[in-house]
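Asks: Have a peek at run-v7.cif (mmCIF, C-alpha atoms).
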data_input
loop_
_atom_site.label_atom_id
_atom_site.label_comp_id
_atom_site.auth_asym_id
_atom_site.auth_seq_id
_atom_site.Cartn_x
_atom_site.Cartn_y
_atom_site.Cartn_z
CA MET J 1 55.24 49.00 281.24
CA ILE J 2 58.45 50.91 280.68
CA ALA J 3 58.80 51.23 284.46
CA LEU J 4 58.64 47.45 284.79
CA LEU J 5 61.18 46.95 282.02
CA LEU J 6 63.55 49.47 283.59
CA ARG J 7 63.14 47.90 287.00
CA ASP J 8 63.90 44.42 285.69
CA LEU J 9 66.95 45.65 283.80
CA ARG J 10 68.17 47.58 286.83
CA LEU J 11 67.71 44.53 289.05
CA ALA J 12 69.61 42.38 286.58
CA PHE J 13 72.60 44.71 286.51
CA ARG J 14 72.76 45.27 290.28
CA ALA J 15 74.61 42.94 292.62
CA GLY J 16 73.27 39.40 292.56
CA GLY J 17 71.03 40.13 289.59
CA GLY J 18 72.53 37.38 287.51
CA PHE J 19 73.45 39.41 284.45
CA GLY J 20 76.38 37.79 282.68
CA LEU J 21 75.85 34.38 284.24
CA GLY J 22 74.33 33.00 281.04
CA LEU J 23 77.04 34.65 278.99
CA ALA J 24 79.81 33.18 281.15
CA PHE J 25 78.19 29.75 280.91
CA PHE J 26 78.02 30.04 277.11
CA LEU J 27 81.68 31.00 277.01
CA ILE J 28 82.78 28.11 279.20
CA VAL J 29 80.73 25.48 277.39
CA THR J 30 82.04 26.59 274.03
CA VAL J 31 85.62 26.72 275.21
CA MET J 32 85.33 23.20 276.62
CA VAL J 33 84.10 21.64 273.39
CA PRO J 34 87.58 21.47 271.77
CA PHE J 35 88.84 19.79 274.93
CA SER J 36 86.26 17.05 274.67
CA VAL J 37 86.22 16.41 270.90
CA GLY J 38 89.89 17.07 270.24
CA PRO J 39 91.69 19.90 268.44
CA GLN J 40 90.89 19.00 264.82
CA PRO J 41 90.08 22.19 262.90
CA GLU J 42 87.95 20.46 260.20
CA LEU J 43 85.83 18.63 262.75
CA LEU J 44 85.40 21.74 264.90
CA SER J 45 84.39 23.87 261.97
CA ARG J 46 81.81 21.25 260.96
CA ILE J 47 80.18 21.09 264.41
CA ALA J 48 80.61 24.78 265.29
CA PRO J 49 77.10 26.00 264.29
CA GLY J 50 75.37 23.24 266.23
CA VAL J 51 77.58 23.63 269.30
CA LEU J 52 77.10 27.39 269.37
CA TRP J 53 73.33 27.05 269.08
CA LEU J 54 73.13 24.39 271.77
CA GLY J 55 75.37 26.45 274.05
CA ALA J 56 73.21 29.53 273.57
CA LEU J 57 70.07 27.52 274.27
CA LEU J 58 71.46 26.05 277.51
CA ALA J 59 72.71 29.45 278.63
CA CYS J 60 69.23 30.83 278.05
CA LEU J 61 67.69 27.98 280.04
CA LEU J 62 70.06 28.59 282.94
CA SER J 63 68.67 32.03 283.73
CA LEU J 64 64.99 31.15 283.43
CA ASP J 65 64.30 30.10 287.00
CA ARG J 66 65.00 33.63 288.23
CA LEU J 67 62.58 35.11 285.74
CA LEU J 68 59.38 34.95 287.78
CA ALA J 69 60.42 33.02 290.90
CA LEU J 70 62.08 36.03 292.55
CA ASP J 71 58.97 38.16 292.10
CA TRP J 72 56.87 35.31 293.43
CA GLU J 73 58.98 34.88 296.55
CA ASP J 74 58.93 38.51 297.65
CA GLY J 75 55.25 38.95 296.88
CA SER J 76 55.60 41.47 294.07
CA LEU J 77 53.89 39.11 291.62
CA ASP J 78 50.68 39.30 293.69
CA LEU J 79 50.95 43.06 293.74
CA LEU J 80 51.65 43.23 290.00
CA ALA J 81 48.59 41.07 289.39
CA THR J 82 46.38 43.61 291.18
CA ALA J 83 48.04 46.53 289.37
CA PRO J 84 46.43 48.16 286.32
CA LEU J 85 48.91 46.43 284.02
CA PRO J 86 47.36 43.28 282.48
CA LEU J 87 49.31 40.11 283.27
CA GLU J 88 49.77 39.53 279.53
CA SER J 89 51.87 42.64 279.21
CA THR J 90 53.66 41.91 282.47
CA VAL J 91 54.91 38.56 281.15
CA THR J 92 55.75 40.08 277.76
CA ILE J 93 57.87 42.74 279.44
CA LYS J 94 59.50 40.10 281.63
CA ALA J 95 60.39 38.07 278.52
CA LEU J 96 61.74 41.19 276.82
CA ALA J 97 63.88 42.02 279.86
CA HIS J 98 65.15 38.44 279.85
CA TRP J 99 66.04 38.69 276.18
CA ILE J 100 67.87 41.98 276.65
CA THR J 101 69.89 40.67 279.60
CA THR J 102 70.49 37.14 278.29
CA GLY J 103 69.61 36.63 274.63
CA LEU J 104 71.16 39.76 273.18
CA PRO J 105 74.55 39.31 274.90
CA LEU J 106 74.60 35.72 273.56
CA VAL J 107 73.99 36.97 270.02
CA LEU J 108 76.79 39.48 270.36
CA ALA J 109 79.22 36.97 271.89
CA ALA J 110 78.54 34.17 269.40
CA PRO J 111 80.79 35.46 266.58
CA VAL J 112 83.74 35.75 268.97
CA LEU J 113 83.22 32.18 270.10
CA GLY J 114 82.80 31.17 266.46
CA VAL J 115 86.44 32.10 265.96
CA LEU J 116 87.42 29.69 268.74
CA LEU J 117 85.57 26.88 266.99
CA ASN J 118 87.02 27.67 263.55
CA LEU J 119 83.63 28.59 262.07
CA PRO J 120 83.94 29.16 258.27
CA LEU J 121 83.95 32.81 257.29
CA GLN J 122 80.66 32.77 255.40
CA GLY J 123 78.96 31.26 258.46
CA PHE J 124 79.32 34.22 260.82
CA GLN J 125 76.63 36.30 259.19
CA TRP J 126 74.06 33.50 259.32
CA LEU J 127 74.99 32.47 262.84
CA VAL J 128 74.25 35.96 264.11
CA ILE J 129 71.06 36.29 262.06
CA SER J 130 69.75 32.91 263.18
CA LEU J 131 70.48 33.67 266.85
CA LEU J 132 68.95 37.12 266.52
CA LEU J 133 65.76 35.57 265.15
CA GLY J 134 65.72 32.57 267.46
CA THR J 135 66.65 33.88 270.90
CA PRO J 136 63.43 35.94 271.33
CA ALA J 137 61.50 32.69 270.91
CA LEU J 138 63.72 31.07 273.54
CA SER J 139 62.92 33.88 276.01
CA VAL J 140 59.17 33.79 275.36
CA ILE J 141 58.93 30.00 275.56
CA GLY J 142 61.07 30.09 278.68
CA THR J 143 58.75 32.63 280.29
CA PHE J 144 55.90 30.22 279.70
CA GLY J 145 57.87 27.47 281.44
CA ALA J 146 58.71 29.80 284.32
CA ALA J 147 55.03 30.73 284.67
CA LEU J 148 54.07 27.04 284.76
CA THR J 149 56.44 26.24 287.61
CA VAL J 150 56.29 29.52 289.51
CA GLY J 151 54.69 28.22 292.69
CA LEU J 152 56.97 25.23 293.09
CA LYS J 153 59.88 25.17 295.47
CA ARG J 154 63.04 24.31 293.53
CA GLY J 155 61.05 24.02 290.32
CA GLY J 156 64.13 24.78 288.23
CA LEU J 157 64.82 21.23 287.15
CA LEU J 158 61.19 20.51 286.39
CA MET J 159 61.08 23.69 284.35
CA SER J 160 64.10 22.59 282.32
CA LEU J 161 62.37 19.29 281.58
CA LEU J 162 59.22 21.10 280.47
CA VAL J 163 60.95 23.77 278.43
CA MET J 164 63.58 21.67 276.61
CA PRO J 165 61.09 19.82 274.35
CA LEU J 166 59.44 23.14 273.51
CA TYR J 167 62.85 24.46 272.44
CA VAL J 168 63.37 21.65 269.92
CA PRO J 169 61.81 23.33 266.83
CA THR J 170 63.71 26.55 267.45
CA LEU J 171 66.93 24.58 267.88
CA ILE J 172 66.40 22.49 264.73
CA PHE J 173 65.72 25.39 262.41
CA GLY J 174 68.10 27.80 264.11
CA SER J 175 71.11 25.54 263.88
CA GLU J 176 70.03 24.47 260.38
CA VAL J 177 70.26 28.09 259.26
CA ALA J 178 73.68 28.42 260.86
CA ARG J 179 74.90 25.11 259.42
CA ARG J 180 73.70 25.77 255.88
CA GLY J 181 75.13 29.28 256.08
CA ALA J 182 78.51 27.92 257.16
CA GLU J 183 78.51 25.40 254.29
CA GLY J 184 77.55 28.07 251.77
CA MET J 185 74.15 26.56 251.00
CA THR J 186 70.87 28.42 250.59
CA VAL J 187 69.21 29.17 253.94
CA GLN J 188 65.84 30.52 252.92
CA THR J 189 63.59 27.63 254.04
CA PRO J 190 64.89 27.11 257.60
CA LEU J 191 65.24 30.87 258.02
CA LEU J 192 61.58 31.43 257.20
CA LEU J 193 60.51 28.58 259.48
CA LEU J 194 62.64 29.95 262.31
CA ALA J 195 61.17 33.40 261.87
CA GLY J 196 57.70 31.85 261.80
CA ILE J 197 58.29 29.98 265.07
CA SER J 198 59.53 33.16 266.73
CA ALA J 199 56.64 35.26 265.45
CA ALA J 200 54.04 32.71 266.54
CA SER J 201 55.60 32.26 270.01
CA ILE J 202 55.78 35.99 270.60
CA ALA J 203 52.20 36.46 269.44
CA LEU J 204 50.55 33.57 271.29
CA LEU J 205 52.58 32.48 274.30
CA PRO J 206 52.14 35.63 276.47
CA PHE J 207 48.44 34.79 276.67
CA ALA J 208 49.21 31.23 277.74
CA SER J 209 51.81 32.43 280.26
CA ALA J 210 49.37 34.92 281.78
CA ALA J 211 46.66 32.26 282.00
CA VAL J 212 48.83 29.74 283.85
CA LEU J 213 50.17 32.51 286.06
CA ARG J 214 46.62 33.39 287.11
CA VAL J 215 46.01 29.76 288.03
CA ASN J 216 49.30 29.57 289.93
CA LEU J 217 48.58 32.72 291.92
CA ARG J 218 45.39 31.32 293.43
CA MET N 1 32.80 53.82 295.29
CA THR N 2 31.10 51.07 297.26
CA LEU N 3 32.47 47.57 297.59
CA ILE N 4 29.64 45.05 297.85
CA VAL N 5 30.21 41.45 298.81
CA THR N 6 27.20 39.14 298.54
CA ASP N 7 26.92 35.62 299.92
CA LEU N 8 30.61 35.00 299.36
CA GLY N 9 32.16 31.58 299.82
CA VAL N 10 35.94 31.16 299.61
CA ALA N 11 38.22 28.14 299.52
CA ARG N 12 41.87 27.66 300.41
CA GLY N 13 43.66 24.82 298.68
CA GLY N 14 40.33 23.35 297.54
CA THR N 15 38.82 23.30 301.05
CA PRO N 16 35.94 25.74 301.68
CA VAL N 17 36.87 27.96 304.64
CA LEU N 18 34.23 30.72 304.74
CA GLU N 19 30.72 30.84 303.36
CA GLY N 20 27.63 33.04 303.35
CA LEU N 21 29.60 36.21 303.96
CA SER N 22 27.94 39.51 302.98
CA PHE N 23 29.03 43.06 303.70
CA SER N 24 29.34 46.38 301.98
CA LEU N 25 32.01 48.99 302.36
CA GLU N 26 31.14 52.58 301.51
CA SER N 27 33.63 55.30 300.79
CA GLY N 28 34.95 56.99 303.91
CA LYS N 29 34.46 53.83 305.95
CA ALA N 30 36.79 51.17 307.22
CA LEU N 31 35.99 47.58 308.06
CA ILE N 32 38.15 45.55 310.42
CA LEU N 33 38.15 41.78 309.97
CA ARG N 34 38.75 39.65 313.01
CA GLY N 35 38.88 35.95 313.57
CA PRO N 36 41.18 33.21 314.79
CA ASN N 37 44.20 32.00 312.79
CA GLY N 38 43.30 29.77 309.87
CA ILE N 39 39.70 30.97 309.63
CA GLY N 40 40.33 32.34 306.14
CA LYS N 41 40.92 36.07 306.50
CA THR N 42 43.79 36.09 304.03
CA THR N 43 41.83 33.92 301.60
CA LEU N 44 38.88 36.30 301.87
CA LEU N 45 41.08 39.32 301.19
CA ARG N 46 42.76 37.63 298.21
CA THR N 47 39.34 36.79 296.80
CA VAL N 48 38.10 40.34 297.21
CA ALA N 49 41.33 41.58 295.63
CA GLY N 50 40.61 39.36 292.62
CA LEU N 51 43.64 37.11 293.03
CA GLN N 52 41.48 34.01 293.27
CA PRO N 53 37.94 33.28 292.15
CA PRO N 54 35.17 32.98 294.76
CA LEU N 55 33.65 29.56 295.38
CA LYS N 56 30.26 31.20 295.18
CA GLY N 57 28.71 34.61 295.62
CA ARG N 58 29.87 37.90 294.16
CA VAL N 59 32.27 40.74 294.74
CA GLU N 60 31.21 43.99 293.11
CA GLY N 61 32.97 47.31 292.78
CA ALA N 62 36.49 45.97 293.28
CA GLU N 63 37.65 45.94 289.66
CA ASP N 64 40.60 48.35 289.24
CA GLN N 65 39.69 50.06 292.52
CA ILE N 66 41.72 48.17 295.05
CA ALA N 67 45.26 48.38 296.34
CA TYR N 68 46.33 45.18 298.06
CA ALA N 69 48.96 44.81 300.77
CA ALA N 70 49.84 41.22 301.56
CA HIS N 71 52.00 39.64 304.26
CA SER N 72 55.07 40.21 302.10
CA ASP N 73 55.84 43.69 300.90
CA GLY N 74 57.10 43.02 297.38
CA LEU N 75 60.28 45.01 297.88
CA LYS N 76 63.43 44.53 295.87
CA PRO N 77 66.44 44.41 298.22
CA THR N 78 68.88 45.89 295.69
CA LEU N 79 66.72 48.92 294.89
CA THR N 80 66.67 51.93 297.16
CA VAL N 81 63.60 53.01 299.11
CA ALA N 82 62.88 55.79 296.63
CA GLU N 83 63.39 53.49 293.61
CA ASN N 84 61.00 50.89 295.02
CA LEU N 85 58.30 53.50 295.60
CA THR N 86 58.85 55.22 292.27
CA PHE N 87 58.46 51.91 290.49
CA TRP N 88 55.11 51.18 292.12
CA ALA N 89 53.94 54.73 291.52
CA SER N 90 54.64 54.46 287.80
CA VAL N 91 53.06 50.99 287.55
CA PHE N 92 49.88 52.62 288.84
CA GLY N 93 50.38 55.51 286.42
CA ARG N 94 51.17 58.14 289.06
CA ASN N 95 54.13 60.15 290.16
CA GLY N 96 55.23 61.91 293.30
CA ILE N 97 56.40 59.75 296.16
CA GLU N 98 57.13 62.58 298.60
CA LYS N 99 53.80 62.37 300.41
CA ALA N 100 54.24 58.64 300.94
CA LEU N 101 57.80 59.12 302.23
CA ASP N 102 56.61 61.84 304.62
CA GLY N 103 53.58 59.85 305.76
CA PHE N 104 55.68 56.97 306.99
CA ASP N 105 58.78 58.92 308.08
CA LEU N 106 60.99 57.43 305.37
CA GLN N 107 62.66 60.62 304.12
CA SER N 108 65.88 59.93 306.00
CA LEU N 109 66.03 56.42 304.50
CA ARG N 110 65.20 57.29 300.90
CA ASP N 111 68.61 56.41 299.44
CA ARG N 112 69.09 53.30 301.57
CA GLN N 113 68.82 49.94 299.80
CA ALA N 114 65.65 48.14 300.82
CA GLY N 115 67.68 45.05 301.71
CA ALA N 116 69.44 47.05 304.43
CA LEU N 117 66.23 48.08 306.21
CA SER N 118 64.97 46.57 309.45
CA ALA N 119 61.77 44.50 309.42
CA GLY N 120 59.70 47.40 310.73
CA GLN N 121 61.19 49.83 308.23
CA LYS N 122 60.46 47.41 305.39
CA ARG N 123 56.87 47.16 306.57
CA ARG N 124 56.58 50.95 306.63
CA LEU N 125 57.91 51.07 303.09
CA GLY N 126 55.45 48.36 302.07
CA LEU N 127 52.57 50.31 303.59
CA SER N 128 53.67 53.61 302.06
CA ARG N 129 53.21 51.88 298.70
CA MET N 130 49.45 52.14 299.32
CA LEU N 131 49.74 55.92 299.26
CA VAL N 132 51.35 56.02 295.81
CA THR N 133 48.79 53.74 294.16
CA GLY N 134 46.00 56.31 294.26
CA ARG N 135 43.44 53.50 294.51
CA PRO N 136 40.33 54.20 296.64
CA ILE N 137 39.91 50.81 298.34
CA TRP N 138 42.77 49.57 300.49
CA ILE N 139 42.83 45.89 301.29
CA MET N 140 45.40 45.08 303.94
CA ASP N 141 46.40 41.82 305.51
CA GLU N 142 47.84 42.22 309.02
CA PRO N 143 49.45 45.58 308.21
CA THR N 144 50.88 46.16 311.69
CA VAL N 145 53.12 43.10 311.89
CA SER N 146 56.58 44.12 313.17
CA LEU N 147 55.59 47.79 313.61
CA ASP N 148 56.31 49.59 316.90
CA THR N 149 53.59 51.63 318.65
CA ASN N 150 54.80 54.84 317.09
CA SER N 151 54.61 53.37 313.58
CA VAL N 152 51.20 51.86 314.30
CA SER N 153 49.82 55.30 315.10
CA MET N 154 51.56 56.64 311.96
CA PHE N 155 49.76 53.95 310.00
CA ALA N 156 46.43 54.71 311.68
CA ASP N 157 46.87 58.39 310.77
CA ALA N 158 47.50 57.40 307.15
CA VAL N 159 44.35 55.28 307.07
CA ARG N 160 42.35 58.07 308.69
CA ALA N 161 43.60 60.57 306.10
CA HIS N 162 42.73 58.13 303.34
CA LEU N 163 39.19 57.70 304.71
CA GLY N 164 38.92 61.48 305.00
CA GLN N 165 39.60 61.77 301.25
CA GLY N 166 36.70 59.44 300.50
CA GLY N 167 38.70 56.23 300.38
CA SER N 168 37.85 53.05 302.19
CA ALA N 169 39.82 50.27 303.83
CA LEU N 170 39.33 46.60 304.55
CA ILE N 171 41.84 45.51 307.17
CA ALA N 172 42.50 42.15 308.77
CA THR N 173 44.24 42.73 312.09
CA HIS N 174 44.41 41.42 315.63
CA ILE N 175 45.24 44.70 317.36
CA ASP N 176 43.23 47.82 318.09
CA LEU N 177 44.20 50.53 315.61
CA GLY N 178 42.11 53.24 317.28
CA LEU N 179 40.04 53.77 314.14
CA GLU N 180 36.32 54.48 314.21
CA ALA N 181 35.54 51.40 312.19
CA GLU N 182 33.05 48.62 312.04
CA VAL N 183 34.35 45.27 313.15
CA LEU N 184 33.37 42.07 311.40
CA ASP N 185 34.14 38.82 313.15
CA VAL N 186 34.35 36.17 310.44
CA GLY N 187 34.30 33.31 312.94
CA PRO N 188 30.54 32.59 312.61
CA TYR N 189 30.88 32.26 308.83
CA LYS N 190 33.15 29.26 309.04
CA ALA N 191 32.28 26.80 306.27
CA LYS N 192 30.67 23.58 307.39
CA PRO N 193 32.64 20.48 306.54
CA PRO N 194 31.42 19.01 303.25
CA GLU N 195 28.88 16.21 303.57
CA ILE N 196 30.54 12.89 303.04
CA ASP N 197 28.86 10.84 300.34
CA ASP N 198 29.04 7.10 300.15
CA PHE N 199 32.64 6.50 299.43
CA ASP N 200 31.91 4.95 296.05
CA GLY N 201 29.57 7.79 295.10
CA GLY N 202 32.09 9.18 292.66
CA PHE N 203 32.17 5.96 290.69
CA LEU N 204 28.44 5.65 290.08
#
Have the structure of the file written as structure tokens, please.
Replies:
Amino acid sequence: MIALLLRDLRLAFRAGGGFGLGLAFFLIVTVMVPFSVGPQPELLSRIAPGVLWLGALLACLLSLDRLLALDWEDGSLDLLATAPLPLESTVTIKALAHWITTGLPLVLAAPVLGVLLNLPLQGFQWLVISLLLGTPALSVIGTFGAALTVGLKRGGLLMSLLVMPLYVPTLIFGSEVARRGAEGMTVQTPLLLLAGISAASIALLPFASAAVLRVNLR
Amino acid sequence: MTLIVTDLGVARGGTPVLEGLSFSLESGKALILRGPNGIGKTTLLRTVAGLQPPLKGRVEGAEDQIAYAAHSDGLKPTLTVAENLTFWASVFGRNGIEKALDGFDLQSLRDRQAGALSAGQKRRLGLSRMLVTGRPIWIMDEPTVSLDTNSVSMFADAVRAHLGQGGSALIATHIDLGLEAEVLDVGPYKAKPPEIDDFDGGFL
């Protein structure tokens, strides 16, 4: 399992691995928001939590179609399926590698971009906490979407259509935590719901991903 | 470890291609599958490897015993030869890739990126993966594609050594490998076309 994680990380950091693409996309989207809504500090600070969450979500989505498709194309998915590692742990490791290369950098970059959007000072802490809790769910749900569309040529768009609705609960509660935090309100309820969504996705979805992957490998 | 296949029927894309196939493969033996293109050799091998369920019949003794080599080698172009092999060795819970590198004359290429190898060299790397798995039953689909005569005999030596250690091999190929192996022509097991019911049969 560790070998698979290390391989995926190594592949991501080598040439053409796609590490940093999601991060760069997040950066550009966030920087463009003031251009489109106008440079009004009050307005920007009001929409900052939502914009940052949506940007992080789209950046996460962007890197999903490489998650399993590359292994499918070169045949290593077949070989992994006949290896002693159960497919459930294979997809879990793949999701973890995706989170480390995409989700974690987004969490770390978000506060910097928060400055650009004039996020209120008390909001930074909750923005980072909400992203830290929410991005693992985004990776796991995304892995499920990638497993669903793995056999399709150019399935990237279809996967986005399938995955976006599944991201809605995470987005609602994640940006609610960030918004309430920024406005100095209590965040306990959305925070608990967000954590619940993440915990349930991480616990259940690897089994679903492995099941659809088995069907797709036939 | 004996692989027993009883009355197996397999389907590709929902269409039955082979049926009524039975054979057994004992340790130390190799079985060569022959048959024209499209007859279902790859489908049969994937079924035996457990990648798809059989239409009917049974495959026994394959669980966690097989190493499968498909048409594509599953190599990562940005990893070196040694890194690719080490990865597969650790996935199968083993270490030591030197024997595999020696067996397929890859020592001089070990630090080369797999993307920079020629087609034949990639194939050799893909085949050397079988040596690091430590699995007793090798299932190989056209292993000699893009290999030169020298590499083919290198491959035959590797299979012979594997059989000598009590392993077994199920190989679909069109060329003569020079192995003392049974040959199974799957042509006669071609599935008959399904009987066509009345066209409204499904609605009744």
Asks: Would you mind listing, as a ChimeraX atom specification, all residues of chain N that have at least one atom within 6 Å of chain J, where only C-alpha atoms are what counts?
Replies: /N:52,72,74
Asks: Please list as a PyMOL selection string every residue within 9 Å of range 30-42 of chain J, counting only C-alpha atoms and excluding residues in the same chain fewer than 2 positions away.
Replies: chain J and resi 25-28+44-47+51-52+55+113-114+116-118
Asks: Which polymer residues have any atom within 7 Å of an atom of range 4-19 of chain N, counting only C-alpha atoms, with same-chain residues fewer than 5 positions away left out, as a list in words?
Replies: Ser24, Leu25, Ile39, Gly40, Thr43, Leu44, Pro54, Leu55, Lys56, Gly57, Arg58, Val59, Glu60, Gly61, Tyr189, Lys190 and Ala191 of chain N
Asks: Just give me the gap between CA of Asp176 in chain N and CA of Gly126 in chain N in Å, one decimal is fine.
Replies: 20.2 Å
Asks: What does the structure give for the distance between CA of Thr102 in chain J and CA of Leu5 in chain J, in Å to one decimal?
Replies: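 Interatomic distance, CA of Thr102 in chain J to CA of Leu5 in chain J: 14.0 Å.
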Asks: Would you mind reading off the distance between CA of Pro105 in chain J and CA of Pro77 in chain N, one decimal, in Å?
Replies: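 These atoms are spaced 25.2 Å apart.
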Asks: Tell me which protein, DNA and RNA residues are within 9 Å of Gly134 in chain J, counting all atoms listed in the file, leaving out same-chain ones fewer than 4 positions away, and put them as a list in words.
Replies: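 Residues meeting the cut-off are Ile129, Ser130, Leu138, Thr170, Leu171, Phe173, Gly174, Leu194, Ala195, Ile197 and Ser198 of chain J.
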Asks: Kindly resolve the PyMOL selection byres ((chain N and resi 82) around 10) on the present coordinates and return the residues as a list in words.
Replies: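 Against this file, the PyMOL selection byres ((chain N and resi 82) around 10) returns the residues Leu79, Thr80, Val81, Glu83, Asn84, Leu85, Thr86, Phe87, Ile97, Glu98, Leu101, Leu106, Gln107, Leu109, Arg110, Asp111, Arg112, Gln113, Ala114 and Leu125 of chain N.
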Asks: Smallest atom-to-atom distance to Leu131 in chain N: which of N:Leu117, N:Val145, N:Ile32, N:Ala89, using all atoms listed in the file?
Replies: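 Ranking N:Leu117, N:Val145, N:Ile32, N:Ala89 by distance to Leu131 in chain N, first place goes to N:Ala89.
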Asks: Apply the PyMOL selection byres ((chain J and resi 162) around 10) to the displayed file and report the matching residues as an MDAnalysis selection string.
Replies: chainID J and resid 142 144:146 148:149 156:161 163:167
